[in-house]
Structures are given as structure tokens and as C-alpha cells.
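Step one of this worksheet: look at the structure below.
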Amino acid sequence: MYNDSPADQSGNNPGVTPNDGSRRNFMKQAGGILGLVMAPPFISQAERLTALSKKVAGVSPVQLKVNGTVRTLQLEPRVSLLDALREYMGLTGSKKGCDHGQCGACTVHVDGRRIVSCLSLAVMNQGKEITTIEGLAQGDKLHPMQEAFLKHDGFQCGYCTPGQIMSGVACVKEGHAGSEAEVREWMSGNLCRCSAYPNITAAILEAEKSMKA
């Protein structure tokens with residue numbers, strides 16, 4: 001198994017001074033937002049995002065550039081990047097596992113950096129380059145990491161595989177695939193319930209050679 005170490009407002013401003021009633025409402029909302037920001041660490045980031053986004057209502061157009069294609073979606077501010085990809089764009093390769101950023105099944109690349117998409121709001125990723133597992137291959141030619149996973153049987157049920165592959169590619173590009181121990185450390189945020197870790201590690205080490213060639 002990988003090591004146990006972890007991987008890794010919006011308010012309207014009409015430009016006028018509010019009256020007593022609206023001032024009270026404003027202070028209540030501001031206090032609520034501050035409370036969320038200053039909340040104790042036992043409240044997860046996902047819970048913070050959900051609570052914060054509920055303070056902003058309505059649907060608005062959101063432009064996302066995914067796998068080289070720009071799409072305009074009508075989204076509520078609370079929609080996560082993961083849900084935008086899966087439910088609104090039909091890109092179901094990124095999996096919803098824990099929905100708390102703890103399993104890595106939803107890993108995608110944003111501006112070349114791996115993130116867990118369940119903890120990022122879609123509206124926060126406008127104007128950025130988003131790559132999912134569907135955009136990794138070049139036509140019928142698989143990415144070296146995908147080929148290595150097939151060769152080394154780096155999956156069993158396959159549910160975590162897209163996130164594992166996306167993290168594996170990032171791991172190599174970050175320069176953290178120099179040894180088995182290093183790969184295990186920097187892939188520790190991606191969980192495999194089937195415990196295919198030795199095969200996953202072997203696949204990443206082999207793909208590293210092809211990607212660096």
C-alpha cells in the first residue's frame with residue numbers, strides 16, 4: 001500500500017449605503033462568510049465549499065476549456081468541477097469516489113497541475129486548461145502511462161484507474177518518479193481498494209522512461 005502521508009464570496013455591492021435593515025442583513029452574511037473561513041479544521045474543505053456556495057443563488061454561464069474544447073455551461077455557483085465534467089459535459093472518466101478529496105479518483109489536470117476536482121468549484125476554473133483522462137490519449141494512440149498500466153496490469157476493478165493515471169502522469173512531470181519509494185510517497189493521495197499498488201508503481205516507473213525519452 002502507498003504511504004499514509006497525505007498527497008499534497010461573493011456579495012453584491014450596489015454602490016449605495018444600506019439602510020438599517022439591509023445593513024443588519026449584510027453584517028449577518030459577512031459574519032457567516034467569515035465564520036466559514038475561520039471554521040475549525042474538523043470541518044472539511046468540501047463542507048466549507050458547499051456551505052459557502054449556498055449563500056450565492058442562481059444560474060449563470062460558465063466557460064470551461066476541457067481537453068482543448070471550450071464549452072459554455074449554465075451552472076449554479078456551487079457546482080463542483082467534478083460534477084460539471086460528469087453531469088453537464090458527459091465526461092464520466094473522472095470518478096466520484098469519496099467526494100471529500102481523500103481518494104484521488106477524481107484527479108484531473110488544471111494548467112498542468114493535478115487537483116482533486118471534487119474540491120474545486122467549476123466557476124473557479126474558467127480560463128484555465130483542464131485535462132481529463134478522456135483527453136490524455138492522442139486519437140487512437142494511448143499515452144505512455146496508459147500503455148504502462150495495461151502492460152503491468154495496474155488495475156483490477158478499474159474504478160480508481162483514471163485518477164491513478166492522471167496522478168501518475170503528474171508525478172512524472174513533477175520529477176517525483178525517481179524510485180519506487182518516491183512514487184509511493186507522491187502517489188499516496190490516490191487510493192486503490194483492490195490494492196494494486198505494486199503494479200501501479202511499476203507502471204509509473206516504466207512510463208517515466210518513455211515520457212522522459
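If you're wondering about the labels, chains in the C-alpha cells are A, B, ... by order shown, residues count from 1 in each chain, ligands from 1 in order shown.
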Give the strand (DSSP E) residues of stretch 25-197 of chain A, as DSSP finds them on the backbone, and put them as number ranges by chain. A: 60-66, 69-75, 107-110, 113-116, 129-131
Export of the given selection (N, CA and C atoms) as a PDB file, in the first residue's frame:
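Resulting contents of out_33.pdb:
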```
ATOM      1  N   SER A  60     -25.709  30.889 -13.824  1.00  0.00           N
ATOM      2  CA  SER A  60     -25.024  31.823 -14.706  1.00  0.00           C
ATOM      3  C   SER A  60     -24.154  31.043 -15.686  1.00  0.00           C
ATOM      4  N   PRO A  61     -23.809  31.636 -16.830  1.00  0.00           N
ATOM      5  CA  PRO A  61     -22.960  30.940 -17.806  1.00  0.00           C
ATOM      6  C   PRO A  61     -21.529  30.795 -17.302  1.00  0.00           C
ATOM      7  N   VAL A  62     -20.978  29.623 -17.480  1.00  0.00           N
ATOM      8  CA  VAL A  62     -19.599  29.329 -17.081  1.00  0.00           C
ATOM      9  C   VAL A  62     -18.890  28.707 -18.273  1.00  0.00           C
ATOM     10  N   GLN A  63     -17.769  29.269 -18.659  1.00  0.00           N
ATOM     11  CA  GLN A  63     -16.988  28.733 -19.776  1.00  0.00           C
ATOM     12  C   GLN A  63     -15.827  27.901 -19.245  1.00  0.00           C
ATOM     13  N   LEU A  64     -15.751  26.667 -19.694  1.00  0.00           N
ATOM     14  CA  LEU A  64     -14.677  25.775 -19.297  1.00  0.00           C
ATOM     15  C   LEU A  64     -13.980  25.224 -20.540  1.00  0.00           C
ATOM     16  N   LYS A  65     -12.646  25.278 -20.535  1.00  0.00           N
ATOM     17  CA  LYS A  65     -11.872  24.704 -21.628  1.00  0.00           C
ATOM     18  C   LYS A  65     -11.357  23.341 -21.181  1.00  0.00           C
ATOM     19  N   VAL A  66     -11.989  22.301 -21.716  1.00  0.00           N
ATOM     20  CA  VAL A  66     -11.670  20.942 -21.299  1.00  0.00           C
ATOM     21  C   VAL A  66     -11.157  20.152 -22.495  1.00  0.00           C
ATOM     22  N   THR A  69     -11.260  21.951 -25.843  1.00  0.00           N
ATOM     23  CA  THR A  69     -12.535  22.457 -26.353  1.00  0.00           C
ATOM     24  C   THR A  69     -13.215  23.334 -25.312  1.00  0.00           C
ATOM     25  N   VAL A  70     -13.657  24.514 -25.736  1.00  0.00           N
ATOM     26  CA  VAL A  70     -14.346  25.434 -24.823  1.00  0.00           C
ATOM     27  C   VAL A  70     -15.837  25.152 -24.863  1.00  0.00           C
ATOM     28  N   ARG A  71     -16.405  24.964 -23.691  1.00  0.00           N
ATOM     29  CA  ARG A  71     -17.848  24.733 -23.575  1.00  0.00           C
ATOM     30  C   ARG A  71     -18.442  25.768 -22.627  1.00  0.00           C
ATOM     31  N   THR A  72     -19.631  26.254 -22.965  1.00  0.00           N
ATOM     32  CA  THR A  72     -20.346  27.175 -22.087  1.00  0.00           C
ATOM     33  C   THR A  72     -21.491  26.422 -21.421  1.00  0.00           C
ATOM     34  N   LEU A  73     -21.472  26.402 -20.102  1.00  0.00           N
ATOM     35  CA  LEU A  73     -22.471  25.683 -19.327  1.00  0.00           C
ATOM     36  C   LEU A  73     -23.268  26.653 -18.474  1.00  0.00           C
ATOM     37  N   GLN A  74     -24.520  26.327 -18.207  1.00  0.00           N
ATOM     38  CA  GLN A  74     -25.338  27.098 -17.283  1.00  0.00           C
ATOM     39  C   GLN A  74     -25.289  26.402 -15.924  1.00  0.00           C
ATOM     40  N   LEU A  75     -24.564  27.004 -14.991  1.00  0.00           N
ATOM     41  CA  LEU A  75     -24.297  26.336 -13.721  1.00  0.00           C
ATOM     42  C   LEU A  75     -24.620  27.227 -12.526  1.00  0.00           C
ATOM     43  N   THR A 107      -9.124  12.859  -9.875  1.00  0.00           N
ATOM     44  CA  THR A 107      -7.969  13.694 -10.233  1.00  0.00           C
ATOM     45  C   THR A 107      -7.984  14.103 -11.704  1.00  0.00           C
ATOM     46  N   VAL A 108      -7.809  15.396 -11.951  1.00  0.00           N
ATOM     47  CA  VAL A 108      -7.651  15.936 -13.308  1.00  0.00           C
ATOM     48  C   VAL A 108      -6.475  16.901 -13.279  1.00  0.00           C
ATOM     49  N   HIS A 109      -6.088  17.394 -14.449  1.00  0.00           N
ATOM     50  CA  HIS A 109      -5.025  18.399 -14.528  1.00  0.00           C
ATOM     51  C   HIS A 109      -5.635  19.754 -14.848  1.00  0.00           C
ATOM     52  N   VAL A 110      -5.237  20.765 -14.105  1.00  0.00           N
ATOM     53  CA  VAL A 110      -5.660  22.143 -14.372  1.00  0.00           C
ATOM     54  C   VAL A 110      -4.392  22.977 -14.535  1.00  0.00           C
ATOM     55  N   ARG A 113      -1.359  21.102 -13.558  1.00  0.00           N
ATOM     56  CA  ARG A 113      -1.202  20.699 -12.155  1.00  0.00           C
ATOM     57  C   ARG A 113      -2.347  19.762 -11.767  1.00  0.00           C
ATOM     58  N   ARG A 114      -2.036  18.692 -11.065  1.00  0.00           N
ATOM     59  CA  ARG A 114      -3.094  17.763 -10.664  1.00  0.00           C
ATOM     60  C   ARG A 114      -3.884  18.316  -9.492  1.00  0.00           C
ATOM     61  N   ILE A 115      -5.198  18.161  -9.585  1.00  0.00           N
ATOM     62  CA  ILE A 115      -6.077  18.549  -8.484  1.00  0.00           C
ATOM     63  C   ILE A 115      -7.158  17.491  -8.333  1.00  0.00           C
ATOM     64  N   VAL A 116      -7.776  17.448  -7.153  1.00  0.00           N
ATOM     65  CA  VAL A 116      -8.966  16.624  -6.978  1.00  0.00           C
ATOM     66  C   VAL A 116     -10.162  17.509  -7.337  1.00  0.00           C
ATOM     67  N   GLU A 129      -6.723  25.670 -18.481  1.00  0.00           N
ATOM     68  CA  GLU A 129      -6.630  24.472 -19.324  1.00  0.00           C
ATOM     69  C   GLU A 129      -6.906  23.248 -18.451  1.00  0.00           C
ATOM     70  N   ILE A 130      -8.006  22.581 -18.730  1.00  0.00           N
ATOM     71  CA  ILE A 130      -8.400  21.412 -17.951  1.00  0.00           C
ATOM     72  C   ILE A 130      -8.212  20.163 -18.815  1.00  0.00           C
ATOM     73  N   THR A 131      -7.535  19.173 -18.261  1.00  0.00           N
ATOM     74  CA  THR A 131      -7.333  17.906 -18.978  1.00  0.00           C
ATOM     75  C   THR A 131      -7.871  16.771 -18.125  1.00  0.00           C
TER      76      THR A 131
END
```
May I have the residues within 8 Å of A:Gly168 as JSON, numbers by chain, using only C-alpha atoms and disregarding those fewer than 3 positions away in the same chain? {"A": [145, 164, 165, 171, 172, 187, 204]}
Just C-alpha atoms for this one: save the residues we selected as a PDB file, in the first residue's frame.
```pdb
ATOM      1  CA  MET A 145       1.175   5.988 -18.861  1.00  0.00           C
ATOM      2  CA  GLN A 164      -4.283   6.939 -10.736  1.00  0.00           C
ATOM      3  CA  ILE A 165      -3.189   7.527 -14.332  1.00  0.00           C
ATOM      4  CA  CYS A 171       4.048  12.556 -10.668  1.00  0.00           C
ATOM      5  CA  VAL A 172       6.469  12.038 -13.544  1.00  0.00           C
ATOM      6  CA  MET A 187       1.024   8.836  -5.152  1.00  0.00           C
ATOM      7  CA  ILE A 204       4.635   4.627 -13.346  1.00  0.00           C
TER       8      ILE A 204
END
```
Shell around A:Gln156 at 9 Å using only C-alpha atoms, local window under 6 positions removed, as a ChimeraX atom specification: /A:194-196
Okay, now the selection with N, CA, C and O atoms, as a JSON list (two decimals), in the first residue's frame?
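What ended up in selection_4.json:
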```json
[["chain", "number", "residue", "atom", "x", "y", "z"],
["A", 194, "CYS", "N", -8.60, -2.17, -4.40],
["A", 194, "CYS", "CA", -8.18, -3.51, -4.81],
["A", 194, "CYS", "C", -6.72, -3.79, -4.45],
["A", 194, "CYS", "O", -6.22, -4.90, -4.66],
["A", 195, "SER", "N", -6.03, -2.76, -3.94],
["A", 195, "SER", "CA", -4.62, -2.88, -3.51],
["A", 195, "SER", "C", -3.69, -3.32, -4.64],
["A", 195, "SER", "O", -2.84, -4.20, -4.47],
["A", 196, "ALA", "N", -3.84, -2.67, -5.80],
["A", 196, "ALA", "CA", -2.95, -2.97, -6.93],
["A", 196, "ALA", "C", -1.72, -2.07, -6.91],
["A", 196, "ALA", "O", -1.12, -1.80, -7.95]]
```
Find the residues near A:Lys151: any atom within 12 Å, counting only C-alpha atoms, skip ones fewer than 3 places away on the same chain, and give them as an MDAnalysis selection string. chainID A and resid 144:148 154:155 199:200 202:204 206:207
Counting only C-alpha atoms, what is within 6 Å of A:Ser80, bar same-chain residues fewer than 3 positions away, as a ChimeraX atom specification? /A:83,118,120-122
For A:Leu191, which of A:Met89, A:Leu150, A:Cys160, A:Ile133 is the closest residue, counting only C-alpha atoms?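 Using only C-alpha atoms, the shortest distance to A:Leu191 belongs to A:Cys160.
Pairwise distance (atom CA of A:Tyr159, atom CA of A:Gly135) equals 17.6 Å.
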If you measure from atom CA of A:Thr92 to atom CA of A:Thr161, what distance in Å do you get, rounded to one decimal?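 Interatomic distance here is 12.5 Å.
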Could you check the closest approach to A:His152 for each of A:Pro198, A:Gly101, A:Gly189, A:Gly175 and tell me which residue wins, using only C-alpha atoms?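 The shortest atom-to-atom distance to A:His152 comes from A:Pro198.
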Skipping near chain neighbours, those fewer than 6 positions away, what residues fall within 9 Å of A:Asp99 using only C-alpha atoms, listed as a PyMOL selection string? chain A and resi 46+106+117-119
Please measure the separation of atom CA of A:Val183 and atom CA of A:Lys141, giving the value in Å to one decimal.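 Distance reported for this atom pair: 25.0 Å.
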Using DSSP secondary structure from the backbone, list all helix (DSSP H, G or I) positions within stretch 76-205 of chain A, as a count of residues only. 55
